[in-house]
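Below is my_file-v4.pdb, holding PDB, C-alpha atoms.
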MODEL        1
ATOM      1  CA  MET A 415     -49.629  88.022 -45.686
ATOM      2  CA  ARG A 416     -48.915  90.417 -42.868
ATOM      3  CA  ARG A 417     -46.202  89.601 -40.424
ATOM      4  CA  ARG A 418     -47.220  90.223 -36.862
ATOM      5  CA  ALA A 419     -44.473  91.316 -34.505
ATOM      6  CA  ALA A 420     -45.343  91.309 -30.831
ATOM      7  CA  SER A 421     -42.368  93.480 -30.049
ATOM      8  CA  ILE A 422     -43.873  96.397 -31.970
ATOM      9  CA  ALA A 423     -46.665  96.653 -29.417
ATOM     10  CA  ALA A 424     -44.173  97.706 -26.777
ATOM     11  CA  VAL A 425     -43.011 100.567 -28.991
ATOM     12  CA  THR A 426     -46.261 102.031 -30.336
ATOM     13  CA  GLY A 427     -49.026 100.745 -28.077
ATOM     14  CA  LEU A 428     -50.095 101.409 -24.542
ATOM     15  CA  CYS A 429     -52.379  99.127 -22.568
ATOM     16  CA  LEU A 430     -55.856 100.466 -21.929
ATOM     17  CA  SER A 431     -55.334 100.468 -18.177
ATOM     18  CA  SER A 432     -52.674 103.139 -18.602
ATOM     19  CA  VAL A 433     -54.803 105.222 -20.951
ATOM     20  CA  ALA A 434     -57.185 106.116 -18.117
ATOM     21  CA  ALA A 435     -54.429 108.147 -16.484
ATOM     22  CA  LEU A 436     -53.590 110.213 -19.567
ATOM     23  CA  ASN A 437     -55.248 113.490 -18.597
ATOM     24  CA  SER A 438     -52.202 115.325 -19.919
ATOM     25  CA  ALA A 439     -52.785 113.714 -23.315
ATOM     26  CA  GLY A 440     -56.378 114.894 -23.471
ATOM     27  CA  ALA A 441     -58.236 112.128 -21.673
ATOM     28  CA  ALA A 442     -60.492 114.582 -19.750
ATOM     29  CA  GLN A 443     -62.237 111.800 -17.909
ATOM     30  CA  SER A 444     -64.995 112.723 -15.519
ATOM     31  CA  SER A 445     -65.853 116.181 -16.844
ATOM     32  CA  SER A 446     -67.165 114.924 -20.205
ATOM     33  CA  HIS A 447     -70.544 113.385 -20.867
ATOM     34  CA  ASP A 448     -70.580 109.651 -21.627
ATOM     35  CA  PRO A 449     -73.269 109.168 -24.321
ATOM     36  CA  SER A 450     -73.109 105.391 -23.977
ATOM     37  CA  GLY A 451     -75.129 105.515 -20.762
ATOM     38  CA  ALA A 452     -73.382 102.273 -19.824
ATOM     39  CA  THR A 453     -72.026 101.118 -16.512
ATOM     40  CA  PRO A 454     -69.679  98.159 -16.025
ATOM     41  CA  ALA A 455     -72.674  95.995 -15.078
ATOM     42  CA  THR A 456     -74.826  96.920 -18.098
ATOM     43  CA  ALA A 457     -72.324  97.830 -20.798
ATOM     44  CA  LYS A 458     -73.206  95.063 -23.227
ATOM     45  CA  GLY A 459     -76.956  95.580 -23.199
ATOM     46  CA  SER A 460     -79.221  93.516 -25.416
ATOM     47  CA  ARG A 461     -81.336  94.046 -28.491
ATOM     48  CA  ALA A 462     -84.459  93.149 -26.520
ATOM     49  CA  SER A 463     -83.916  96.156 -24.231
ATOM     50  CA  LEU A 464     -83.517  98.589 -27.129
ATOM     51  CA  SER A 465     -86.009 100.105 -29.526
ATOM     52  CA  PRO A 466     -85.051 101.468 -32.936
ATOM     53  CA  LEU A 467     -84.737 105.172 -33.555
ATOM     54  CA  PRO A 468     -87.591 106.844 -35.483
ATOM     55  CA  THR A 469     -87.209 106.632 -39.247
ATOM     56  CA  PRO A 470     -85.603 109.906 -40.369
ATOM     57  CA  HIS A 471     -87.482 112.575 -42.267
ATOM     58  CA  ALA A 472     -86.578 113.081 -45.920
ATOM     59  CA  VAL A 473     -83.625 115.367 -46.617
ATOM     60  CA  ARG A 474     -84.761 118.646 -48.150
ATOM     61  CA  PRO A 475     -82.962 119.130 -51.491
ATOM     62  CA  PHE A 476     -80.899 122.244 -52.137
ATOM     63  CA  GLN A 477     -81.970 122.475 -55.768
ATOM     64  CA  SER A 478     -85.486 123.227 -56.957
ATOM     65  CA  PRO A 479     -87.357 121.537 -58.401
ATOM     66  CA  ALA A 480     -86.167 118.269 -56.891
ATOM     67  CA  VAL A 481     -85.564 115.302 -59.148
ATOM     68  CA  ALA A 482     -87.495 112.094 -58.577
ATOM     69  CA  GLY A 483     -86.427 110.400 -55.337
ATOM     70  CA  GLU A 484     -83.984 113.120 -54.326
ATOM     71  CA  GLY A 485     -83.607 113.287 -50.561
ATOM     72  CA  GLU A 486     -85.937 110.328 -49.992
ATOM     73  CA  TRP A 487     -84.515 107.576 -47.809
ATOM     74  CA  ARG A 488     -84.133 104.045 -49.154
ATOM     75  CA  PRO A 489     -83.314 101.044 -46.929
ATOM     76  CA  GLY A 490     -79.743  99.794 -47.306
ATOM     77  CA  GLY A 491     -77.847  96.758 -46.102
ATOM     78  CA  ARG A 492     -79.156  93.674 -44.341
ATOM     79  CA  LEU A 493     -82.153  93.863 -42.029
ATOM     80  CA  VAL A 494     -81.521  93.831 -38.289
ATOM     81  CA  ASP A 495     -84.124  91.879 -36.331
ATOM     82  CA  GLY A 496     -86.474  92.311 -39.297
ATOM     83  CA  ARG A 497     -85.980  96.100 -39.443
ATOM     84  CA  SER A 498     -84.013  98.453 -41.640
ATOM     85  CA  ALA A 499     -81.188  99.892 -39.564
ATOM     86  CA  LEU A 500     -79.609 101.943 -42.346
ATOM     87  CA  TYR A 501     -81.036 104.241 -45.004
ATOM     88  CA  THR A 502     -79.363 106.031 -47.903
ATOM     89  CA  THR A 503     -80.237 108.849 -50.255
ATOM     90  CA  THR A 504     -78.657 111.394 -52.576
ATOM     91  CA  VAL A 505     -79.049 115.136 -52.991
ATOM     92  CA  ARG A 506     -77.544 117.460 -55.543
ATOM     93  CA  LEU A 507     -74.882 119.809 -54.261
ATOM     94  CA  PRO A 508     -75.943 123.288 -53.131
ATOM     95  CA  GLY A 509     -74.079 124.896 -56.028
ATOM     96  CA  SER A 510     -74.541 122.258 -58.727
ATOM     97  CA  SER A 511     -77.564 120.790 -60.445
ATOM     98  CA  ASN A 512     -75.781 117.725 -61.823
ATOM     99  CA  VAL A 513     -73.445 116.481 -59.049
ATOM    100  CA  ASP A 514     -74.753 114.200 -56.309
ATOM    101  CA  ALA A 515     -73.707 113.742 -52.723
ATOM    102  CA  GLY A 516     -74.468 110.428 -51.052
ATOM    103  CA  ILE A 517     -75.930 110.341 -47.527
ATOM    104  CA  ALA A 518     -76.297 107.384 -45.173
ATOM    105  CA  TRP A 519     -78.272 107.353 -41.907
ATOM    106  CA  MET A 520     -77.412 104.679 -39.327
ATOM    107  CA  ASP A 521     -79.517 103.596 -36.343
ATOM    108  CA  THR A 522     -77.155 103.349 -33.379
ATOM    109  CA  LYS A 523     -79.802 101.502 -31.358
ATOM    110  CA  LEU A 524     -79.662  98.572 -33.796
ATOM    111  CA  LEU A 525     -76.080  98.822 -35.031
ATOM    112  CA  GLN A 526     -72.754  98.575 -33.239
ATOM    113  CA  ALA A 527     -69.531 100.137 -34.460
ATOM    114  CA  LYS A 528     -66.016  98.753 -34.500
ATOM    115  CA  LEU A 529     -62.785 100.477 -35.484
ATOM    116  CA  TYR A 530     -60.510  98.433 -37.746
ATOM    117  CA  SER A 531     -56.865  99.521 -37.941
ATOM    118  CA  GLY A 532     -54.223  99.242 -40.640
ATOM    119  CA  SER A 533     -50.455  98.858 -40.804
ATOM    120  CA  LEU A 534     -50.195 102.249 -42.552
ATOM    121  CA  SER A 535     -53.015 104.051 -40.799
ATOM    122  CA  PRO A 536     -52.615 104.279 -37.868
ATOM    123  CA  GLY A 537     -49.611 101.929 -38.152
ATOM    124  CA  GLY A 538     -48.500  98.746 -36.440
ATOM    125  CA  LEU A 539     -48.774  95.023 -37.108
ATOM    126  CA  PHE A 540     -50.404  93.990 -33.835
ATOM    127  CA  TRP A 541     -54.065  94.641 -34.638
ATOM    128  CA  LYS A 542     -56.740  92.003 -34.073
ATOM    129  CA  TYR A 543     -59.295  93.969 -36.063
ATOM    130  CA  THR A 544     -57.754  94.715 -39.435
ATOM    131  CA  ALA A 545     -58.534  93.935 -43.072
ATOM    132  CA  PRO A 546     -59.756  91.569 -44.304
ATOM    133  CA  ILE A 547     -63.063  91.395 -42.441
ATOM    134  CA  SER A 548     -63.417  87.892 -41.042
ATOM    135  CA  SER A 549     -66.169  85.408 -41.860
ATOM    136  CA  SER A 550     -67.549  85.613 -38.332
ATOM    137  CA  ALA A 551     -67.766  89.413 -38.505
ATOM    138  CA  SER A 552     -69.306  89.175 -41.979
ATOM    139  CA  ARG A 553     -72.288  87.325 -40.543
ATOM    140  CA  THR A 554     -73.608  90.525 -38.943
ATOM    141  CA  LEU A 555     -71.969  93.187 -41.125
ATOM    142  CA  VAL A 556     -74.332  95.874 -42.443
ATOM    143  CA  ALA A 557     -71.935  98.586 -43.668
ATOM    144  CA  ALA A 558     -68.320  99.729 -43.626
ATOM    145  CA  PHE A 559     -66.708 103.066 -44.365
ATOM    146  CA  SER A 560     -63.204 104.508 -44.540
ATOM    147  CA  GLY A 561     -61.678 106.431 -41.643
ATOM    148  CA  GLY A 562     -59.735 109.669 -41.537
ATOM    149  CA  PHE A 563     -56.439 111.126 -42.681
ATOM    150  CA  LEU A 564     -53.064 109.567 -42.040
ATOM    151  CA  LEU A 565     -52.081 110.480 -38.483
ATOM    152  CA  LYS A 566     -49.375 112.859 -39.671
ATOM    153  CA  ASP A 567     -52.127 114.941 -41.273
ATOM    154  CA  ALA A 568     -54.982 114.366 -38.800
ATOM    155  CA  ASN A 569     -53.702 116.614 -35.970
ATOM    156  CA  GLY A 570     -55.233 114.173 -33.516
ATOM    157  CA  GLY A 571     -54.884 110.910 -31.682
ATOM    158  CA  TYR A 572     -55.830 107.292 -32.124
ATOM    159  CA  LEU A 573     -56.837 104.686 -29.550
ATOM    160  CA  SER A 574     -58.034 101.151 -30.217
ATOM    161  CA  GLU A 575     -57.665  97.658 -28.739
ATOM    162  CA  GLY A 576     -55.760  99.112 -25.788
ATOM    163  CA  HIS A 577     -53.123 100.741 -28.011
ATOM    164  CA  LEU A 578     -52.709 104.509 -27.858
ATOM    165  CA  VAL A 579     -50.881 105.076 -31.123
ATOM    166  CA  ALA A 580     -51.057 108.884 -30.876
ATOM    167  CA  PRO A 581     -52.097 111.043 -27.887
ATOM    168  CA  LEU A 582     -55.713 112.172 -27.810
ATOM    169  CA  ARG A 583     -55.912 115.937 -28.294
ATOM    170  CA  VAL A 584     -58.233 118.131 -26.260
ATOM    171  CA  GLY A 585     -60.450 120.014 -28.731
ATOM    172  CA  GLY A 586     -60.013 117.409 -31.473
ATOM    173  CA  ALA A 587     -62.963 116.175 -33.507
ATOM    174  CA  SER A 588     -63.445 112.606 -32.326
ATOM    175  CA  LEU A 589     -65.286 109.479 -33.350
ATOM    176  CA  VAL A 590     -65.733 107.630 -30.058
ATOM    177  CA  ILE A 591     -66.814 103.988 -29.768
ATOM    178  CA  TYR A 592     -67.982 102.518 -26.471
ATOM    179  CA  ARG A 593     -67.834  99.012 -25.078
ATOM    180  CA  ASN A 594     -71.486  98.390 -25.995
ATOM    181  CA  GLY A 595     -70.834  99.326 -29.640
ATOM    182  CA  LEU A 596     -72.423 102.771 -29.493
ATOM    183  CA  ALA A 597     -70.592 105.385 -31.557
ATOM    184  CA  THR A 598     -70.830 109.163 -31.451
ATOM    185  CA  VAL A 599     -68.995 112.252 -32.703
ATOM    186  CA  GLY A 600     -67.908 115.138 -30.522
ATOM    187  CA  GLN A 601     -65.191 117.469 -29.342
ATOM    188  CA  TRP A 602     -62.722 115.694 -27.082
ATOM    189  CA  GLY A 603     -62.757 117.125 -23.571
ATOM    190  CA  ARG A 604     -66.154 118.787 -23.998
ATOM    191  CA  ASP A 605     -68.721 116.397 -25.528
ATOM    192  CA  VAL A 606     -66.700 113.227 -25.066
ATOM    193  CA  GLY A 607     -63.729 112.066 -23.004
ATOM    194  CA  MET A 608     -62.050 109.010 -21.571
ATOM    195  CA  THR A 609     -64.220 106.751 -19.418
ATOM    196  CA  SER A 610     -64.036 103.065 -18.559
ATOM    197  CA  GLN A 611     -66.503 102.397 -21.386
ATOM    198  CA  VAL A 612     -64.460 103.959 -24.207
ATOM    199  CA  VAL A 613     -62.732 101.335 -26.356
ATOM    200  CA  ALA A 614     -61.771 103.350 -29.448
ATOM    201  CA  VAL A 615     -61.195 106.975 -30.427
ATOM    202  CA  ARG A 616     -60.364 108.199 -33.911
ATOM    203  CA  GLN A 617     -59.575 111.921 -34.123
ATOM    204  CA  ASN A 618     -59.382 114.026 -37.276
ATOM    205  CA  LEU A 619     -58.874 117.818 -37.255
ATOM    206  CA  THR A 620     -61.562 119.830 -35.402
ATOM    207  CA  LEU A 621     -65.355 119.724 -35.638
ATOM    208  CA  LEU A 622     -66.748 120.759 -39.011
ATOM    209  CA  VAL A 623     -70.304 121.099 -37.673
ATOM    210  CA  ASP A 624     -71.096 122.215 -34.129
ATOM    211  CA  ASN A 625     -74.424 123.083 -32.491
ATOM    212  CA  GLY A 626     -76.186 122.141 -35.710
ATOM    213  CA  ARG A 627     -74.314 124.700 -37.832
ATOM    214  CA  PRO A 628     -71.170 124.740 -39.980
ATOM    215  CA  VAL A 629     -68.273 126.126 -37.939
ATOM    216  CA  ALA A 630     -67.185 129.679 -38.640
ATOM    217  CA  GLY A 631     -64.477 130.506 -41.140
ATOM    218  CA  LEU A 632     -65.096 127.841 -43.786
ATOM    219  CA  LYS A 633     -64.052 128.880 -47.288
ATOM    220  CA  PRO A 634     -65.404 127.153 -50.413
ATOM    221  CA  ASN A 635     -62.067 127.449 -52.235
ATOM    222  CA  ASP A 636     -60.033 125.903 -49.396
ATOM    223  CA  THR A 637     -57.646 123.138 -50.477
ATOM    224  CA  SER A 638     -55.357 122.926 -47.439
ATOM    225  CA  VAL A 639     -56.861 123.931 -44.066
ATOM    226  CA  TRP A 640     -59.417 121.094 -44.098
ATOM    227  CA  GLY A 641     -57.134 118.610 -45.814
ATOM    228  CA  VAL A 642     -54.770 118.917 -48.757
ATOM    229  CA  ALA A 643     -56.719 118.525 -51.990
ATOM    230  CA  LEU A 644     -54.953 116.429 -54.615
ATOM    231  CA  ASN A 645     -53.680 118.664 -57.446
ATOM    232  CA  GLY A 646     -55.432 121.601 -55.803
ATOM    233  CA  VAL A 647     -58.876 120.425 -56.939
ATOM    234  CA  VAL A 648     -61.467 122.171 -54.750
ATOM    235  CA  ASN A 649     -64.384 119.875 -55.523
ATOM    236  CA  THR A 650     -62.506 116.702 -54.706
ATOM    237  CA  PRO A 651     -64.249 113.667 -53.167
ATOM    238  CA  ARG A 652     -64.675 114.329 -49.450
ATOM    239  CA  SER A 653     -66.396 112.478 -46.631
ATOM    240  CA  GLY A 654     -67.706 113.369 -43.200
ATOM    241  CA  LEU A 655     -69.481 111.765 -40.267
ATOM    242  CA  GLY A 656     -71.938 113.372 -37.879
ATOM    243  CA  VAL A 657     -74.332 112.586 -35.064
ATOM    244  CA  THR A 658     -77.959 113.725 -34.923
ATOM    245  CA  ALA A 659     -79.819 115.056 -31.896
ATOM    246  CA  ASN A 660     -81.230 111.587 -31.153
ATOM    247  CA  GLY A 661     -77.898 109.796 -31.584
ATOM    248  CA  ALA A 662     -78.080 108.446 -35.137
ATOM    249  CA  LEU A 663     -74.941 108.628 -37.268
ATOM    250  CA  VAL A 664     -75.016 110.358 -40.648
ATOM    251  CA  TYR A 665     -72.325 109.926 -43.283
ATOM    252  CA  VAL A 666     -71.892 112.194 -46.321
ATOM    253  CA  SER A 667     -69.582 111.815 -49.305
ATOM    254  CA  GLY A 668     -69.167 113.185 -52.809
ATOM    255  CA  PRO A 669     -67.030 115.481 -54.985
ATOM    256  CA  MET A 670     -67.513 118.821 -53.233
ATOM    257  CA  ASN A 671     -65.872 121.693 -51.391
ATOM    258  CA  ILE A 672     -65.643 121.870 -47.607
ATOM    259  CA  VAL A 673     -68.577 124.282 -47.292
ATOM    260  CA  ASP A 674     -70.827 121.916 -49.258
ATOM    261  CA  LEU A 675     -69.793 119.019 -47.009
ATOM    262  CA  ALA A 676     -70.689 120.964 -43.861
ATOM    263  CA  GLU A 677     -74.010 122.175 -45.254
ATOM    264  CA  ILE A 678     -75.091 118.710 -46.387
ATOM    265  CA  LEU A 679     -74.193 117.198 -43.022
ATOM    266  CA  VAL A 680     -76.385 119.823 -41.348
ATOM    267  CA  ARG A 681     -79.209 119.237 -43.825
ATOM    268  CA  ALA A 682     -78.968 115.515 -43.004
ATOM    269  CA  GLY A 683     -79.535 116.330 -39.331
ATOM    270  CA  ALA A 684     -76.024 116.425 -37.859
ATOM    271  CA  VAL A 685     -75.624 118.525 -34.711
ATOM    272  CA  ARG A 686     -71.898 117.716 -34.582
ATOM    273  CA  ALA A 687     -69.770 116.390 -37.414
ATOM    274  CA  MET A 688     -66.169 115.791 -38.428
ATOM    275  CA  THR A 689     -64.302 115.277 -41.664
ATOM    276  CA  LEU A 690     -63.080 111.820 -42.625
ATOM    277  CA  ASP A 691     -60.894 110.983 -45.613
ATOM    278  CA  MET A 692     -60.775 112.838 -48.933
ATOM    279  CA  ASN A 693     -59.417 112.799 -52.508
ATOM    280  CA  PRO A 694     -60.470 110.287 -55.196
ATOM    281  CA  PHE A 695     -58.814 107.104 -53.894
ATOM    282  CA  TRP A 696     -59.931 107.050 -50.282
ATOM    283  CA  PRO A 697     -63.572 107.843 -49.353
ATOM    284  CA  VAL A 698     -65.697 104.710 -49.562
ATOM    285  CA  PHE A 699     -68.943 103.667 -47.890
ATOM    286  CA  ALA A 700     -70.432 100.270 -48.698
ATOM    287  CA  THR A 701     -73.565  98.465 -47.565
ATOM    288  CA  PHE A 702     -73.894  94.673 -47.622
ATOM    289  CA  SER A 703     -77.092  92.745 -48.346
ATOM    290  CA  PRO A 704     -76.661  88.949 -48.235
ATOM    291  CA  SER A 705     -79.722  87.046 -49.420
ATOM    292  CA  ALA A 706     -80.045  84.943 -46.254
ATOM    293  CA  ILE A 707     -80.880  86.450 -42.857
ATOM    294  CA  ASN A 708     -77.630  85.216 -41.340
ATOM    295  CA  GLY A 709     -75.743  85.099 -44.614
ATOM    296  CA  LEU A 710     -72.190  86.318 -44.994
ATOM    297  CA  ALA A 711     -71.577  89.840 -46.212
ATOM    298  CA  SER A 712     -69.135  89.739 -49.115
ATOM    299  CA  PRO A 713     -67.868  91.832 -52.012
ATOM    300  CA  ALA A 714     -70.488  90.127 -54.176
ATOM    301  CA  ASN A 715     -73.404  91.540 -52.161
ATOM    302  CA  GLY A 716     -71.794  94.885 -51.362
ATOM    303  CA  ARG A 717     -72.832  98.203 -52.858
ATOM    304  CA  ASP A 718     -71.080 101.568 -52.781
ATOM    305  CA  LEU A 719     -73.052 104.573 -51.565
ATOM    306  CA  LEU A 720     -72.181 106.361 -54.802
ATOM    307  CA  ALA A 721     -71.402 104.703 -58.120
ATOM    308  CA  THR A 722     -68.606 107.266 -58.585
ATOM    309  CA  MET A 723     -66.627 106.012 -55.566
ATOM    310  CA  TYR A 724     -63.232 104.750 -56.685
ATOM    311  CA  GLN A 725     -62.930 101.989 -54.091
ATOM    312  CA  PRO A 726     -65.257  98.963 -54.451
ATOM    313  CA  PRO A 727     -67.038  97.270 -51.506
ATOM    314  CA  GLY A 728     -64.477  94.463 -51.680
ATOM    315  CA  ARG A 729     -61.748  96.818 -50.485
ATOM    316  CA  PHE A 730     -62.501  95.909 -46.871
ATOM    317  CA  TYR A 731     -61.957  92.231 -47.722
ATOM    318  CA  GLU A 732     -58.456  92.707 -49.126
ATOM    319  CA  ALA A 733     -55.552  91.732 -46.873
ATOM    320  CA  ALA A 734     -53.480  94.438 -48.564
ATOM    321  CA  TYR A 735     -55.827  97.206 -47.373
ATOM    322  CA  ASN A 736     -53.651  98.959 -44.792
ATOM    323  CA  ARG A 737     -55.801 101.902 -43.639
ATOM    324  CA  ASP A 738     -58.304 102.254 -40.822
ATOM    325  CA  PHE A 739     -62.040 101.887 -41.350
ATOM    326  CA  ILE A 740     -65.241 101.491 -39.352
ATOM    327  CA  THR A 741     -67.794  98.699 -39.533
ATOM    328  CA  MET A 742     -71.449  98.890 -38.531
ATOM    329  CA  SER A 743     -72.923  95.516 -37.588
ATOM    330  CA  ALA A 744     -76.156  94.152 -36.194
ATOM    331  CA  LYS A 745     -76.292  94.094 -32.407
TER
ENDMDL
END
Before anything else, please render the file you have as structure tokens.
Amino acid sequence: MRRRAASIAAVTGLCLSSVAALNSAGAAQSSSHDPSGATPATAKGSRASLSPLPTPHAVRPFQSPAVAGEGEWRPGGRLVDGRSALYTTTVRLPGSSNVDAGIAWMDTKLLQAKLYSGSLSPGGLFWKYTAPISSSASRTLVAAFSGGFLLKDANGGYLSEGHLVAPLRVGGASLVIYRNGLATVGQWGRDVGMTSQVVAVRQNLTLLVDNGRPVAGLKPNDTSVWGVALNGVVNTPRSGLGVTANGALVYVSGPMNIVDLAEILVRAGAVRAMTLDMNPFWPVFATFSPSAINGLASPANGRDLLATMYQPPGRFYEAAYNRDFITMSAK
């Protein structure tokens, strides 16, 4: 069982009220667009005032001819207000006819995101939202996926629950979560920045996809610039998260090089995207489908996006899991 030490908060955390003044740490407040569209009076919103995003078009396979079902979306996870809020599919890698990448599409009008933090990543024992996922949170849980690199390797900052564990870096690729649960991906200081509605920011390197295209300079044999590949294996399991033009989130994972990851994110509709974790032990994306409408998500009804993922869905329910991850839950 984790020991919680209140004194640690004074060393590694800053209260959210002080974060608003951190322009020197990359907060870039008023100049950046706030995709949440929320104001203090309307931040929480309600499901009744929202309509789901259009069901995404099938993902065009890289290989021809396509195999049965390739690129076609299948509903995943529990229904939200009687609708599918998450879809998954697989496509074969651009350069391989027998290796699959998994893709998940998430409706941000029906799902809300939350950043869970760990004692190792980002560090600290003062987190309210940390593994294991609680029973109350399990009642609305649809999916969960692993976060980014350890902060020493991420070249970016981390903010959650009022604790600024590492300064937010201008230019950093950022997953930003707002008070109303909306999540997006962008470049800090340009697409996104600190506002009163921001409750969590997870940065990891720089954008991998920008303006709907892979960024310049990617090399398929890279094993260090975009994360150190274990044992120098180029086609190591990698994961990435992007946002589409209409605000949906798309997640991609599989054993691939960095160019493949960028190209698949674009093919899945991402206009901006960032890398998440990599190497065999860490990337995991799980959906949860309890039999009852308000049933509890659990390891027993969880399913990994790819059968080849090392970590099982139950990882998020283990108290020993000490890394950050993101949950997507019904609004």
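Minimum distance to A:Ala472 across A:Ser588, A:Ser610, A:Ser450, A:Thr503 (counting only C-alpha atoms) occurs at A:Thr503.
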Requested in this report: For the structure provided, state which residues fall under the PyMOL selection byres ((chain A and resi 734) around 10), and present them as JSON, numbers by chain.
Outcome: {"A": [415, 416, 532, 533, 545, 546, 729, 730, 731, 732, 733, 735, 736, 737]}
Could you turn the residues from that selection into a file that holds C-alpha atoms, as a tab-separated table (two decimals), in the coordinates of the input?
chain	number	residue	atom	x	y	z
A	415	MET	CA	-49.63	88.02	-45.69
A	416	ARG	CA	-48.92	90.42	-42.87
A	532	GLY	CA	-54.22	99.24	-40.64
A	533	SER	CA	-50.46	98.86	-40.80
A	545	ALA	CA	-58.53	93.94	-43.07
A	546	PRO	CA	-59.76	91.57	-44.30
A	729	ARG	CA	-61.75	96.82	-50.48
A	730	PHE	CA	-62.50	95.91	-46.87
A	731	TYR	CA	-61.96	92.23	-47.72
A	732	GLU	CA	-58.46	92.71	-49.13
A	733	ALA	CA	-55.55	91.73	-46.87
A	735	TYR	CA	-55.83	97.21	-47.37
A	736	ASN	CA	-53.65	98.96	-44.79
A	737	ARG	CA	-55.80	101.90	-43.64
Each stretch 486-599 of chain A residue no farther than 6 Å from stretch 653-677 of chain A, nearest pair in Å, all atoms listed in the file, as JSON lines:
{"residue": "A:Ala515", "atom": "CA", "partner": "A:Gly668", "partner_atom": "CA", "distance": 4.6}
{"residue": "A:Gly516", "atom": "CA", "partner": "A:Ser667", "partner_atom": "CA", "distance": 5.4}
{"residue": "A:Ile517", "atom": "CA", "partner": "A:Val666", "partner_atom": "CA", "distance": 4.6}
{"residue": "A:Ala518", "atom": "CA", "partner": "A:Tyr665", "partner_atom": "CA", "distance": 5.1}
{"residue": "A:Trp519", "atom": "CA", "partner": "A:Val664", "partner_atom": "CA", "distance": 4.6}
{"residue": "A:Met520", "atom": "CA", "partner": "A:Leu663", "partner_atom": "CA", "distance": 5.1}
{"residue": "A:Asp521", "atom": "CA", "partner": "A:Ala662", "partner_atom": "CA", "distance": 5.2}
{"residue": "A:Thr522", "atom": "CA", "partner": "A:Ala662", "partner_atom": "CA", "distance": 5.5}
{"residue": "A:Val599", "atom": "CA", "partner": "A:Val657", "partner_atom": "CA", "distance": 5.8}
Query raised in the report: Which is closest to A:Val481 among A:Arg616, A:Arg652, A:Lys633, A:Arg506, if we use all atoms listed in the file?
Result: A:Arg506
Query raised in the report: Neighbours of A:Val623 within 6 Å (all atoms listed in the file; same-chain residues fewer than 5 positions away dropped), as number ranges by chain?
Result: A: 628-629, 686-687
Query raised in the report: Suppose you want the space between atom CA of A:Met742 and atom CA of A:Pro697; what is it in Å?
Result: 16.1 Å
Requested in this report: For A:Lys528, please output as a list in words all residues within 9 Å (counting all atoms listed in the file; exclusion window: fewer than 3 positions along the same chain).
Outcome: Tyr543, Ile591, Gly595, Ala597, Ala614, Phe739, Ile740, Thr741, Met742 and Ser743 of chain A
Report as AutoDock Vina command-line options the centre and the edge lengths, in Å to one decimal, of the axis-aligned box holding every listed atom of stretch 722-731 of chain A, padded by 5 Å on each side.
--center_x -65.2 --center_y 99.7 --center_z -52.7 --size_x 16.9 --size_y 25.0 --size_z 21.7
Evaluating the PyMOL selection byres ((chain A and resi 491-498) around 6) on the displayed file yields which residues, as a compact mmCIF listing (two decimals) with C-alpha atoms, in the coordinates of the input?
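Resulting contents of part-v6.txt:
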# COMPACT_ATOMS: atom_id res chain seq x y z
CA PRO A 489 -83.31 101.04 -46.93
CA GLY A 490 -79.74 99.79 -47.31
CA ALA A 499 -81.19 99.89 -39.56
CA LEU A 500 -79.61 101.94 -42.35
CA VAL A 556 -74.33 95.87 -42.44
CA THR A 701 -73.56 98.46 -47.56
CA PHE A 702 -73.89 94.67 -47.62
CA SER A 703 -77.09 92.74 -48.35
CA ALA A 744 -76.16 94.15 -36.19
Query raised in the report: What does the PyMOL selection byres ((chain A and resi 641) around 10) select in this file, as a ChimeraX atom specification?
Result: /A:563,567-568,618-619,636-640,642-644,652,672,689-693
Query raised in the report: In Å to one decimal, how far is atom CA of A:Leu534 from atom CA of A:Pro726?
Result: 19.5 Å
Query raised in the report: If we count all atoms listed in the file, what is near stretch 704-718 of chain A at a cut-off of 6 Å, once residues fewer than 5 positions away on the same chain are taken out, given as a PyMOL selection string?
Result: chain A and resi 552-553+699+727-728
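Atom CA of A:Gly600 sits 20.3 Å away from atom CA of A:Glu575.
Excluding A:Val680 and any residue on its chain fewer than 4 positions from it, the residues at most 7 Å away by all atoms listed in the file are A:Gly626, A:Arg627, A:Ala676, A:Ala684, A:Val685.
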Could those selected residues go to a file with C-alpha atoms, as a PDB file, in the frame of the given file?
ATOM      1  CA  GLY A 626     -76.186 122.141 -35.710  1.00  0.00           C
ATOM      2  CA  ARG A 627     -74.314 124.700 -37.832  1.00  0.00           C
ATOM      3  CA  ALA A 676     -70.689 120.964 -43.861  1.00  0.00           C
ATOM      4  CA  ALA A 684     -76.024 116.425 -37.859  1.00  0.00           C
ATOM      5  CA  VAL A 685     -75.624 118.525 -34.711  1.00  0.00           C
TER       6      VAL A 685
END
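Between A:Ser548 and the candidates A:Gly603, A:Leu679, A:Tyr530, A:Met608, the tightest atom-to-atom separation, counting only C-alpha atoms, involves A:Tyr530.
If only C-alpha atoms are the atoms counted, then among A:Val647, A:Val606, A:Leu525, A:Val612 the closest residue to A:Ala558 is A:Leu525.
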